[in-house]
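Shown next: protein32.txt, given as compact mmCIF, C-alpha atoms.
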# COMPACT_ATOMS: atom_id res chain seq x y z
CA MET A 224 -12.17 -39.18 77.07
CA LEU A 225 -12.63 -35.48 76.24
CA PHE A 226 -13.97 -34.81 79.74
CA THR A 227 -10.89 -36.47 81.24
CA LEU A 228 -8.57 -34.35 79.08
CA LEU A 229 -10.39 -31.17 80.10
CA ILE A 230 -10.11 -32.04 83.79
CA THR A 231 -6.42 -32.81 83.32
CA ALA A 232 -5.81 -29.48 81.55
CA ILE A 233 -7.59 -27.56 84.30
CA ALA A 234 -5.58 -29.39 86.95
CA LEU A 235 -2.32 -28.58 85.15
CA ALA A 236 -3.30 -24.89 84.96
CA GLU A 237 -3.76 -24.65 88.72
CA PRO A 238 -0.91 -22.78 90.47
CA VAL A 239 1.55 -25.03 92.29
CA PRO A 240 2.33 -24.00 95.89
CA LEU A 241 5.81 -22.72 96.70
CA VAL A 242 7.33 -25.33 99.02
CA GLU A 243 10.90 -25.45 100.31
CA GLY A 244 13.01 -28.02 98.45
CA ARG A 245 10.60 -28.46 95.55
CA ARG A 246 11.57 -28.13 91.87
CA TYR A 247 9.43 -26.41 89.23
CA TYR A 248 9.56 -26.58 85.45
CA SER A 249 9.04 -24.33 82.45
CA GLY A 250 5.47 -23.04 82.14
CA THR A 251 4.53 -23.77 85.76
CA THR A 252 2.69 -21.08 87.70
CA VAL A 253 4.00 -21.00 91.27
CA LEU A 254 1.87 -19.70 94.16
CA SER A 255 3.25 -18.19 97.34
CA ARG A 256 0.26 -18.68 99.64
CA GLN A 257 2.07 -16.92 102.44
CA TYR A 258 2.29 -13.65 100.48
CA GLY A 259 -0.60 -14.00 98.03
CA ALA A 260 1.50 -13.92 94.84
CA THR A 261 1.97 -16.02 91.72
CA VAL A 262 4.63 -16.07 88.98
CA THR A 263 5.03 -18.24 85.90
CA ILE A 264 8.37 -19.80 84.95
CA PRO A 265 9.43 -18.80 81.39
CA ALA A 266 10.14 -21.26 78.60
CA GLY A 267 13.57 -22.84 78.78
CA TRP A 268 13.99 -22.11 82.50
CA ASN A 269 13.46 -24.28 85.56
CA ALA A 270 13.25 -23.25 89.21
CA SER A 271 13.81 -24.47 92.74
CA ALA A 272 12.73 -23.24 96.17
CA PRO A 273 15.70 -22.92 98.58
CA ASP A 274 13.23 -21.82 101.26
CA GLY A 275 9.51 -21.18 101.64
CA SER A 276 9.62 -17.60 100.34
CA THR A 277 12.24 -17.75 97.56
CA LEU A 278 12.14 -18.99 93.97
CA LEU A 279 15.47 -19.49 92.17
CA LEU A 280 15.14 -19.61 88.37
CA ALA A 281 17.95 -20.88 86.12
CA PRO A 282 18.21 -21.88 82.43
CA SER A 283 19.56 -25.24 81.37
CA LEU A 284 22.83 -23.97 79.85
CA SER A 285 23.76 -20.66 81.45
CA SER A 286 25.14 -19.19 84.65
CA ALA A 287 22.42 -16.51 84.67
CA ARG A 288 20.00 -16.51 87.59
CA VAL A 289 16.71 -14.84 88.44
CA ILE A 290 15.73 -14.86 92.10
CA VAL A 291 12.25 -13.98 93.33
CA LYS A 292 12.00 -13.21 97.05
CA PHE A 293 8.43 -12.87 98.33
CA GLY A 294 7.53 -10.89 101.43
CA LEU A 295 5.18 -8.34 102.96
CA SER A 296 4.72 -4.94 101.41
CA LEU A 297 6.64 -2.14 103.12
CA PRO A 298 6.85 1.61 102.50
CA ALA A 299 8.79 2.53 99.35
CA THR A 300 11.43 4.25 101.51
CA VAL A 301 12.37 0.89 103.05
CA PHE A 302 12.87 -0.70 99.63
CA GLN A 303 14.84 2.36 98.55
CA GLU A 304 17.17 2.00 101.55
CA MET A 305 17.74 -1.64 100.56
CA LEU A 306 18.67 -0.61 97.02
CA GLU A 307 21.19 1.91 98.34
CA THR A 308 22.93 -0.64 100.59
CA PRO A 309 25.51 -3.33 99.67
CA LEU A 310 23.86 -6.73 99.19
CA VAL A 311 24.87 -10.36 98.89
CA VAL A 312 23.14 -11.63 95.75
CA ASP A 313 23.32 -15.37 94.96
CA GLY A 314 26.31 -15.62 97.30
CA ILE A 315 28.18 -12.70 95.66
CA PRO A 316 28.90 -9.50 97.67
CA MET A 317 27.75 -6.52 95.60
CA LYS A 318 27.60 -2.75 95.88
CA PRO A 319 25.05 -0.39 94.31
CA LEU A 320 26.08 1.25 91.04
CA ASP A 321 23.54 4.07 91.07
CA ARG A 322 20.62 5.49 93.00
CA PRO A 323 17.36 3.59 92.57
CA GLY A 324 14.63 4.78 90.29
CA ALA A 325 10.90 4.12 90.49
CA PRO A 326 9.43 3.10 87.10
CA ASN A 327 6.19 1.14 86.75
CA ALA A 328 5.24 1.35 90.45
CA GLY A 329 8.39 -0.56 91.38
CA LEU A 330 11.85 0.38 92.61
CA THR A 331 14.93 -0.62 90.63
CA GLY A 332 18.66 -0.63 91.31
CA ARG A 333 21.86 -2.01 89.79
CA PHE A 334 24.70 -3.73 91.64
CA SER A 335 28.16 -5.04 90.78
CA ASP A 336 30.87 -7.05 92.48
CA GLU A 337 34.20 -5.34 93.17
CA ARG A 338 35.78 -6.44 89.88
CA GLY A 339 32.74 -5.73 87.75
CA ARG A 340 32.48 -9.34 86.61
CA HIS A 341 28.99 -9.95 87.96
CA ILE A 342 26.07 -7.58 87.53
CA ALA A 343 22.70 -7.65 89.26
CA LYS A 344 19.53 -5.74 88.53
CA VAL A 345 17.12 -5.58 91.46
CA VAL A 346 13.43 -4.68 91.19
CA ALA A 347 10.96 -4.38 94.08
CA LYS A 348 7.24 -4.76 93.34
CA LYS A 349 4.38 -4.12 95.77
CA GLY A 350 0.93 -5.69 95.56
CA ALA A 351 -2.38 -4.14 96.55
CA ASN A 352 -3.07 -7.19 98.77
CA GLY A 353 -0.17 -6.36 101.14
CA GLY A 354 2.33 -8.70 99.50
CA ALA A 355 5.56 -7.80 97.72
CA ALA A 356 8.34 -9.37 95.69
CA VAL A 357 11.97 -8.41 95.22
CA LEU A 358 13.46 -9.80 92.01
CA PHE A 359 17.17 -10.19 91.26
CA ALA A 360 18.65 -10.77 87.79
CA VAL A 361 22.28 -11.77 88.34
CA SER A 362 24.92 -13.14 85.99
CA ARG A 363 28.38 -12.59 84.57
CA LYS A 364 28.42 -9.37 82.61
CA PRO A 365 28.10 -10.90 79.08
CA LYS A 366 24.92 -12.75 80.08
CA GLN A 367 23.25 -9.92 81.96
CA SER A 368 20.91 -8.90 79.15
CA GLN A 369 19.57 -12.47 79.05
CA ALA A 370 18.96 -12.53 82.79
CA GLU A 371 17.24 -9.13 82.73
CA ALA A 372 15.00 -10.15 79.80
CA VAL A 373 13.85 -13.21 81.72
CA MET A 374 13.27 -11.16 84.86
CA GLU A 375 11.07 -8.77 82.88
CA ALA A 376 9.13 -11.77 81.55
CA VAL A 377 8.65 -13.02 85.10
CA ILE A 378 7.50 -9.57 86.25
CA GLU A 379 4.86 -9.58 83.50
CA THR A 380 3.36 -12.72 85.08
CA LEU A 381 3.64 -11.47 88.68
CA ASP A 382 0.17 -11.34 90.23
CA PHE A 383 -0.94 -10.30 93.72
CA SER A 384 -4.66 -11.06 93.43
CA ASN A 385 -4.57 -13.88 96.01
CA ASP A 386 -5.27 -13.41 99.70
CA ILE A 387 -2.28 -13.47 102.05
CA VAL A 388 -2.12 -16.55 104.30
CA LEU A 389 0.71 -15.86 106.71
CA MET A 390 0.54 -19.23 108.43
CA GLU A 391 -1.66 -22.26 108.76
CA GLY A 392 -4.74 -21.88 110.94
CA ASP A 393 -6.18 -18.60 112.16
CA GLY A 394 -3.49 -16.17 111.02
CA ASP A 395 -5.13 -13.11 112.61
CA ASN A 396 -5.26 -14.72 116.05
CA ARG A 397 -1.71 -16.01 115.78
CA LEU A 398 -0.41 -12.58 114.77
CA PHE A 399 -2.41 -10.95 117.56
CA SER A 400 -0.64 -13.25 120.02
CA ALA A 401 2.75 -12.50 118.49
CA MET A 402 2.17 -8.74 118.68
CA ALA A 403 0.65 -8.64 122.16
CA ASN A 404 2.49 -7.25 125.20
CA GLN A 405 4.61 -4.84 123.19
CA ARG A 406 5.55 -1.18 123.45
CA LEU A 407 5.79 0.52 120.06
CA SER A 408 7.61 3.81 119.67
CA HIS A 409 7.86 6.11 116.65
CA GLU A 410 10.59 8.74 116.61
CA THR A 411 11.01 12.04 114.82
CA ALA A 412 14.40 13.78 114.91
CA GLY A 413 15.59 11.30 117.55
CA ARG A 414 12.69 11.86 119.97
CA ALA A 415 9.67 9.62 120.48
CA ASP A 416 6.46 11.35 119.49
CA ASP A 417 4.02 8.43 119.29
CA VAL A 418 3.96 5.45 121.67
CA LEU A 419 1.53 2.52 121.70
CA TRP A 420 1.14 -0.18 124.33
CA LEU A 421 -0.67 -3.32 123.11
CA CYS A 422 -1.67 -5.96 125.67
CA GLY A 423 -2.65 -9.59 125.25
CA ASP A 424 -6.01 -9.04 126.97
CA GLY A 425 -6.96 -6.45 124.34
CA ARG A 426 -6.18 -3.34 126.36
CA LYS A 427 -4.32 -0.53 124.67
CA ALA A 428 -2.86 2.83 125.53
CA ARG A 429 -1.42 5.61 123.40
CA TRP A 430 0.76 8.61 124.12
CA GLN A 431 1.39 11.30 121.52
CA ALA A 432 3.69 14.26 122.04
CA SER A 433 1.98 17.62 122.40
CA GLY A 434 5.10 19.58 123.33
CA ALA A 435 8.41 19.19 125.12
CA GLY A 436 9.12 16.17 127.31
CA ASP A 437 10.26 12.61 126.96
CA ALA A 438 7.96 9.73 126.17
CA PRO A 439 6.85 7.74 129.24
CA SER A 440 8.00 4.17 129.79
CA ASP A 441 4.55 3.22 131.11
CA PRO A 442 1.07 4.38 130.15
CA SER A 443 -0.79 6.83 132.34
CA GLY A 444 -4.03 4.95 131.70
CA TRP A 445 -5.67 2.40 129.43
CA SER A 446 -8.26 3.48 126.87
CA GLY A 447 -10.23 1.34 124.44
CA THR A 448 -9.03 -1.93 122.93
CA TRP A 449 -7.10 -3.25 119.95
CA THR A 450 -7.12 -6.28 117.68
CA PHE A 451 -5.55 -7.51 114.44
CA ARG A 452 -7.46 -8.23 111.24
CA SER A 453 -6.34 -8.71 107.63
CA MET A 454 -2.87 -7.18 107.97
CA ARG A 455 -4.14 -4.22 110.00
CA VAL A 456 -3.87 -3.22 113.63
CA LEU A 457 -7.30 -1.91 114.67
CA LEU A 458 -7.35 0.66 117.49
CA ILE A 459 -10.86 0.72 118.95
CA GLU A 460 -11.78 3.72 121.11
CA ASP A 461 -14.26 3.66 123.99
CA ASP A 462 -16.89 5.36 121.80
CA GLY A 463 -16.56 2.60 119.17
CA THR A 464 -14.42 4.58 116.71
CA VAL A 465 -12.03 2.28 114.86
CA LEU A 466 -8.65 3.43 113.52
CA PRO A 467 -7.16 0.85 111.12
CA LEU A 468 -3.37 0.96 110.73
CA ALA A 469 -1.83 -1.09 107.90
CA TRP A 470 0.90 -3.32 109.35
CA GLY A 471 4.23 -4.51 107.93
CA ILE A 472 7.57 -5.86 109.12
CA GLY A 473 10.73 -3.82 108.70
CA PRO A 474 14.42 -4.61 109.20
CA ASP A 475 16.20 -4.51 112.56
CA GLU A 476 13.23 -5.53 114.73
CA THR A 477 10.93 -2.74 113.54
CA TRP A 478 7.29 -2.63 112.51
CA PHE A 479 5.45 -0.27 110.20
CA LEU A 480 2.00 1.05 111.04
CA ALA A 481 0.31 3.16 108.36
CA GLY A 482 3.70 3.70 106.74
CA ARG A 483 5.45 4.91 109.93
CA LYS A 484 8.40 3.05 111.43
CA TYR A 485 8.08 1.89 115.07
CA GLN A 486 10.70 0.40 117.34
CA ILE A 487 9.28 -2.48 119.40
CA GLU A 488 10.12 -3.87 122.81
CA MET A 489 8.47 -6.36 125.13
CA TYR A 490 6.13 -4.89 127.74
CA ASP A 491 4.75 -6.86 130.70
CA CYS A 492 1.08 -5.86 130.86
CA SER A 493 0.45 -8.17 133.83
CA VAL A 494 2.50 -5.92 136.15
CA GLU A 495 1.04 -2.78 137.69
CA HIS A 496 3.40 -0.02 136.58

Kindly transcribe the structure held in the file into structure tokens.
Amino acid sequence: MLFTLLITAIALAEPVPLVEGRRYYSGTTVLSRQYGATVTIPAGWNASAPDGSTLLLAPSLSSARVIVKFGLSLPATVFQEMLETPLVVDGIPMKPLDRPGAPNAGLTGRFSDERGRHIAKVVAKKGANGGAAVLFAVSRKPKQSQAEAVMEAVIETLDFSNDIVLMEGDGDNRLFSAMANQRLSHETAGRADDVLWLCGDGRKARWQASGAGDAPSDPSGWSGTWTFRSMRVLLIEDDGTVLPLAWGIGPDETWFLAGRKYQIEMYDCSVEH
């Protein structure tokens, strides 16, 4: 009997996967496999998953809400831009009240609707595993302290020690296929100064500005290869040197490599340019 109880307790302690449409109850630890993160739902609160990357927490008798949106880690400047831009939080259009700060390795901002009836506190947290979470505490003004207290409790349980599993199957190969046949361009002061061409057969080319002149549309020659492993683009030179570039997704069809923002466009590697 004791053995059965122990097995039951262990089973109950296991994190429950975040699945669209599922409901979760007080004390449950929820796992986002896709972004390698877990959170635990505080006492007196329940949660639901409106999609596969969002957890919506609500108490039994209050209009307060805490929303946890999981994603990939991006440079702090991207999160800061988000916190300086009007947002729609829980269906309510809101504008920032102040410039974001950066306490406790996270970025924070405050938002309000036009009449000041609803307040939202937004906190972005980045994990060492490449995952991230943006948390929203939103409610009518009198209940805001309750929502923020619960959000802080959720943040205390936020853990990024799990591996990221972006999709079922071989995630690296799938992401390699999704990234192949692209031209990536980084700009400084409105001019491209670093361009990468990544082909589906593993070829790569790179152009970096050394003076005046516009970036070429096509490479002057192919050199080395590239691949994708564990959230990094690996540029492999002909002499075997490997340059790993941490990868992330930005807004407006952009990627980040090693913290630098790149515009992307399709490139047909099968055509002789």

Surrounding residues of Leu320 in chain A excluding itself and chain neighbours under 6 positions, 10 Å, all atoms listed in the file, as a VMD selection string:
chain A and resid 306 to 307 309 332 to 336 342 to 344

Please measure the separation of CA of Met489 in chain A and CA of Ser453 in chain A, giving the value in Å to one decimal.
23.0 Å

Pick from A:Gly267, A:Ala281, A:Pro316, A:Gln405 nearest to Ser440 in chain A, counting only C-alpha atoms:
A:Gln405

Is it possible to get the axis-aligned box enclosing range 335-342 of chain A (all listed atoms, 5 Å extra per side) as lines of an AutoDock Vina configuration file, with centre and edge lengths in Å rounded to one decimal?
center_x = 30.9
center_y = -7.5
center_z = 89.9
size_x = 19.7
size_y = 14.9
size_z = 16.6

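Of the listed residues A:Pro365, A:Gly353, A:Gly275, A:Pro265, the one whose atoms come nearest to Trp470 in chain A is A:Gly353, with distances taken using only C-alpha atoms.
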
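If you look at CA of Ala376 in chain A and CA of Val262 in chain A, they are 9.7 Å away from each other.
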
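Counting from CA of Arg483 in chain A, the distance to CA of Leu254 in chain A is 29.4 Å.
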
Excluding Asp382 in chain A and its own-chain neighbours fewer than 4 positions away, which residues fall within 10 Å of it when counting only C-alpha atoms? Please give them as a VMD selection string.
chain A and resid 254 259 to 263 350 to 351 354 to 355 378

Skip range 410-423 of chain A itself and residues of its chain fewer than 2 positions away, then list as number ranges by chain all residues within 9 Å of it, counting all atoms listed in the file.
A: 399-400, 402-408, 425-433, 437-439, 441-442, 445, 448-450, 484-486, 490-493

How would the residues just picked look written out with C-alpha atoms as an mmCIF file, in the coordinates of the input?
data_model
loop_
_atom_site.group_PDB
_atom_site.id
_atom_site.type_symbol
_atom_site.label_atom_id
_atom_site.label_comp_id
_atom_site.auth_asym_id
_atom_site.auth_seq_id
_atom_site.Cartn_x
_atom_site.Cartn_y
_atom_site.Cartn_z
ATOM 1 C CA PHE A 399 -2.410 -10.950 117.560
ATOM 2 C CA SER A 400 -0.640 -13.250 120.020
ATOM 3 C CA MET A 402 2.170 -8.740 118.680
ATOM 4 C CA ALA A 403 0.650 -8.640 122.160
ATOM 5 C CA ASN A 404 2.490 -7.250 125.200
ATOM 6 C CA GLN A 405 4.610 -4.840 123.190
ATOM 7 C CA ARG A 406 5.550 -1.180 123.450
ATOM 8 C CA LEU A 407 5.790 0.520 120.060
ATOM 9 C CA SER A 408 7.610 3.810 119.670
ATOM 10 C CA GLY A 425 -6.960 -6.450 124.340
ATOM 11 C CA ARG A 426 -6.180 -3.340 126.360
ATOM 12 C CA LYS A 427 -4.320 -0.530 124.670
ATOM 13 C CA ALA A 428 -2.860 2.830 125.530
ATOM 14 C CA ARG A 429 -1.420 5.610 123.400
ATOM 15 C CA TRP A 430 0.760 8.610 124.120
ATOM 16 C CA GLN A 431 1.390 11.300 121.520
ATOM 17 C CA ALA A 432 3.690 14.260 122.040
ATOM 18 C CA SER A 433 1.980 17.620 122.400
ATOM 19 C CA ASP A 437 10.260 12.610 126.960
ATOM 20 C CA ALA A 438 7.960 9.730 126.170
ATOM 21 C CA PRO A 439 6.850 7.740 129.240
ATOM 22 C CA ASP A 441 4.550 3.220 131.110
ATOM 23 C CA PRO A 442 1.070 4.380 130.150
ATOM 24 C CA TRP A 445 -5.670 2.400 129.430
ATOM 25 C CA THR A 448 -9.030 -1.930 122.930
ATOM 26 C CA TRP A 449 -7.100 -3.250 119.950
ATOM 27 C CA THR A 450 -7.120 -6.280 117.680
ATOM 28 C CA LYS A 484 8.400 3.050 111.430
ATOM 29 C CA TYR A 485 8.080 1.890 115.070
ATOM 30 C CA GLN A 486 10.700 0.400 117.340
ATOM 31 C CA TYR A 490 6.130 -4.890 127.740
ATOM 32 C CA ASP A 491 4.750 -6.860 130.700
ATOM 33 C CA CYS A 492 1.080 -5.860 130.860
ATOM 34 C CA SER A 493 0.450 -8.170 133.830
#

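Restricting the calculation to only C-alpha atoms, the smallest distance between Ser368 in chain A and any of A:Ala347, A:Ala272, A:Ala299, A:Val289 is found for A:Val289.
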
Pick out the residues sitting within 12 Å of range 255-258 of chain A, and hand them over as an NGL selection string; count all atoms listed in the file, and ignore anything fewer than 5 positions along from it in its own chain.
:A and (238-243 or 263 or 272 or 274-278 or 291-296 or 349-356 or 381-392 or 394 or 454 or 471)

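With all atoms listed in the file as the atoms that count, the minimum distance from Ala401 in chain A to the choices A:Phe451, A:Lys348, A:Gly339, A:Gln303 is reached by A:Phe451.
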
Test item: residues at most 9 Å from Arg288 in chain A, all atoms listed in the file, excluding those fewer than 3 positions along its chain, as a ChimeraX atom specification
/A:279-282,285,313,359-362,370

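If you measure from each of A:Val312, A:Val346, A:Leu358, A:Val377 to Thr252 in chain A using only C-alpha atoms, the closest one turns out to be A:Val377.
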